[in-house]
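Reading through the structure tokens given below for one structure.
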Amino acid sequence: MYYLIFYCLAGYCDKHKNEELTFYCRTCQYPVCMRCRLTTHEDHTTEDLVDFASRTRRDLNVALDENKGFRFHMLNEIEELRVYAEKTNEAKNEITKLVSGRREQFHKAIDRVCDAMLSKLETEVEREQERVVEDKDAVERDMLTLSQKIATANQMADFGSDIEVVRCRHDILGSLKLAKKEVPLSMTGIKLNIEFTFQTQAEMSLRYLVGRLSTDLTPPRYISVSEVATFRVENTSDVINSICPSMDDKCWVACGWKSEVFLFDRFGQRVRTKSLGRDVDCLAIDSDGNAYVSCREEHSVKRFDRNFRRRMATLNIEYPRGIATTNDN
């Protein structure tokens with residue numbers, strides 16, 4: 001802390017010991033006695049010390065009041081900062097709670113999706129395993145039948161007489177051939193073709209599904225504009241119903257829905273006046289300098305070449321009320 005220390009000055013002059021300090025020299029900014037005023041400070045501006053002290057006290061009181069008020073504002077500022085810090089912390093806690101809630105919701109949702117997927121996988125695999133068991137049993141039965149026929153044919157081939165072999169030849173060969181056809185080997189192939197895939201972009205978009213902080217939003221870009229000139233269209237009291245820039249740092253102006261259009265420079269000087277024969281509702285100029293004019297009376301949009309020298313085309317529209325050109329004309 002800083003302290004101001006005031007020294008009580010003696011009420012008598014240092015030079016003239018018996019003279020009281022009764023005047024204040026404004027030039028030297030120091031209290032003086034009568035003799036100093038008449039000698040050393042004769043040509044200086046002086047005034048009564050009591051009057052100057054009274055005015056000084058008033059100035060001090062004003063300065064004190066201002067500083068007390070400023071101190072009060074500083075205390076308010078400190079309080080506002082404290083409240084702001086508390087609100088910021090409260091907002092953080094609230095958002096933390098919301099994010100945690102979203103996390104729990106997503107965990108539950110993901111658990112439900114995963115459980116449903118695993119349950120479906122279990123059902124599909126069990127169903128396929130049951131089919132595999134059925135196919136296996138069928139193949140085993142057919143294999144037993146084939147084994148019996150092979151044993152019969154083998155016994156006939158090894159121990160049968162020539163007459164029996166010749167007599168049973170067609171029956172045995174046909175039985176073996178038929179038994180081989182009856183075994184459905186294609187059923188033994190695993191039919192279930194199941195895989196697990198996921199989208200790699202899901203993790204990228206997950207943060208947007210959870211939510212977004214306002215600080216993550218890109219602030220808009222603002223365009224700074226400045227006024228170049230302001231001018232009044234002379235010799236007319238009509239309303240300016242349309243205005244469009246020209247390519248040479250000038251602008252065309254239409255007033256009062258009349259047939260004339262005026263070309264002004266950036267300082268408000270009229271450069272040209274062009275009569276188009278019909279009322280002008282709206283003006284537009286493309287990047288090549290061609291002009292477009294909408295006309296309510298004729299229900300049309302007319303196209304002119306540069307600076308309205310020659311009409312090039314007319315498009316009939318029932319009630320044209322505005323024109324805008326694109327970058328590709």
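Simple scheme: letters A, B, ... for chains in structure tokens order, numbers from 1 for residues in each chain, numbers from 1 for ligands in the order shown.
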
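All residues of protein, DNA or RNA that reach within 9 Å of Cys28 in chain A, judged by only C-alpha atoms and not counting those fewer than 3 positions away in the chain, are Tyr24, Cys25, Pro31, His41, His44 and Thr45 of chain A.
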
Based on the selection just made, write N, CA, C and O atoms of those residues as a compact mmCIF listing (two decimals), in the first residue's frame.
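Wrote again-v1.txt, looks like this:
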# COMPACT_ATOMS: atom_id res chain seq x y z
N TYR A 24 0.02 33.39 -1.19
CA TYR A 24 0.49 32.24 -1.98
C TYR A 24 0.95 32.76 -3.33
O TYR A 24 0.20 33.44 -4.04
N CYS A 25 2.20 32.48 -3.66
CA CYS A 25 2.76 32.91 -4.95
C CYS A 25 2.41 31.85 -6.00
O CYS A 25 2.91 30.72 -5.95
N PRO A 31 3.89 29.33 -0.50
CA PRO A 31 3.37 30.39 0.38
C PRO A 31 4.47 31.37 0.78
O PRO A 31 5.62 30.97 1.02
N HIS A 41 9.01 38.59 -4.50
CA HIS A 41 7.89 38.16 -5.35
C HIS A 41 7.04 39.34 -5.81
O HIS A 41 5.84 39.19 -6.06
N HIS A 44 5.46 38.80 -9.18
CA HIS A 44 4.76 37.51 -9.34
C HIS A 44 3.28 37.65 -9.06
O HIS A 44 2.84 38.63 -8.44
N THR A 45 2.53 36.68 -9.51
CA THR A 45 1.09 36.65 -9.24
C THR A 45 0.86 35.98 -7.90
O THR A 45 1.25 34.82 -7.70

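Residues within 9 Å of Ile150 in chain A, counting only C-alpha atoms and excluding same-chain residues fewer than 4 positions away, are A:Thr145, A:Leu146, A:Asn154, A:Gln155, A:Ile172, A:Leu176.
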
Would you save the residues from that selection as a PDB file, in the first residue's frame, using N, CA and C atoms?
ATOM      1  N   THR A 145     -25.220 -96.889 -46.643  1.00  0.00           N
ATOM      2  CA  THR A 145     -25.853 -97.623 -47.745  1.00  0.00           C
ATOM      3  C   THR A 145     -24.833 -97.949 -48.826  1.00  0.00           C
ATOM      4  N   LEU A 146     -23.998 -96.938 -49.162  1.00  0.00           N
ATOM      5  CA  LEU A 146     -22.974 -97.155 -50.178  1.00  0.00           C
ATOM      6  C   LEU A 146     -21.974 -98.211 -49.726  1.00  0.00           C
ATOM      7  N   ASN A 154     -18.171-106.217 -53.677  1.00  0.00           N
ATOM      8  CA  ASN A 154     -16.835-106.753 -53.445  1.00  0.00           C
ATOM      9  C   ASN A 154     -16.880-108.271 -53.207  1.00  0.00           C
ATOM     10  N   GLN A 155     -17.893-108.706 -52.460  1.00  0.00           N
ATOM     11  CA  GLN A 155     -18.046-110.142 -52.205  1.00  0.00           C
ATOM     12  C   GLN A 155     -18.360-110.883 -53.499  1.00  0.00           C
ATOM     13  N   ILE A 172     -25.510-104.946 -60.036  1.00  0.00           N
ATOM     14  CA  ILE A 172     -24.482-104.452 -59.112  1.00  0.00           C
ATOM     15  C   ILE A 172     -23.909-103.122 -59.589  1.00  0.00           C
ATOM     16  N   LEU A 176     -24.279 -99.515 -57.663  1.00  0.00           N
ATOM     17  CA  LEU A 176     -23.138 -98.683 -57.263  1.00  0.00           C
ATOM     18  C   LEU A 176     -23.219 -97.280 -57.875  1.00  0.00           C
TER      19      LEU A 176
END

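As for CA of Asp249 in chain A and CA of Phe267 in chain A, they are spaced 10.3 Å apart.
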
Backbone DSSP call of helix (DSSP H, G or I) for range 13-259 of chain A, listed as a VMD selection string
chain A and resid 34 to 38 49 to 159 162 to 167 169 to 182 185 to 188 201 to 210 214 to 216

List every residue of range 141-163 of chain A that has an atom at most 12 Å from any atom of range 133-137 of chain A, and for each one report the closest atom pair and its distance in Å to one decimal, counting only C-alpha atoms, with rows sorted by chain and then by increasing residue number, as a tab-separated table.
residue	atom	partner	partner_atom	distance
A:Arg141	CA	A:Asp137	CA	6.2
A:Asp142	CA	A:Asp137	CA	8.6
A:Met143	CA	A:Asp137	CA	9.7
A:Leu144	CA	A:Asp137	CA	10.5
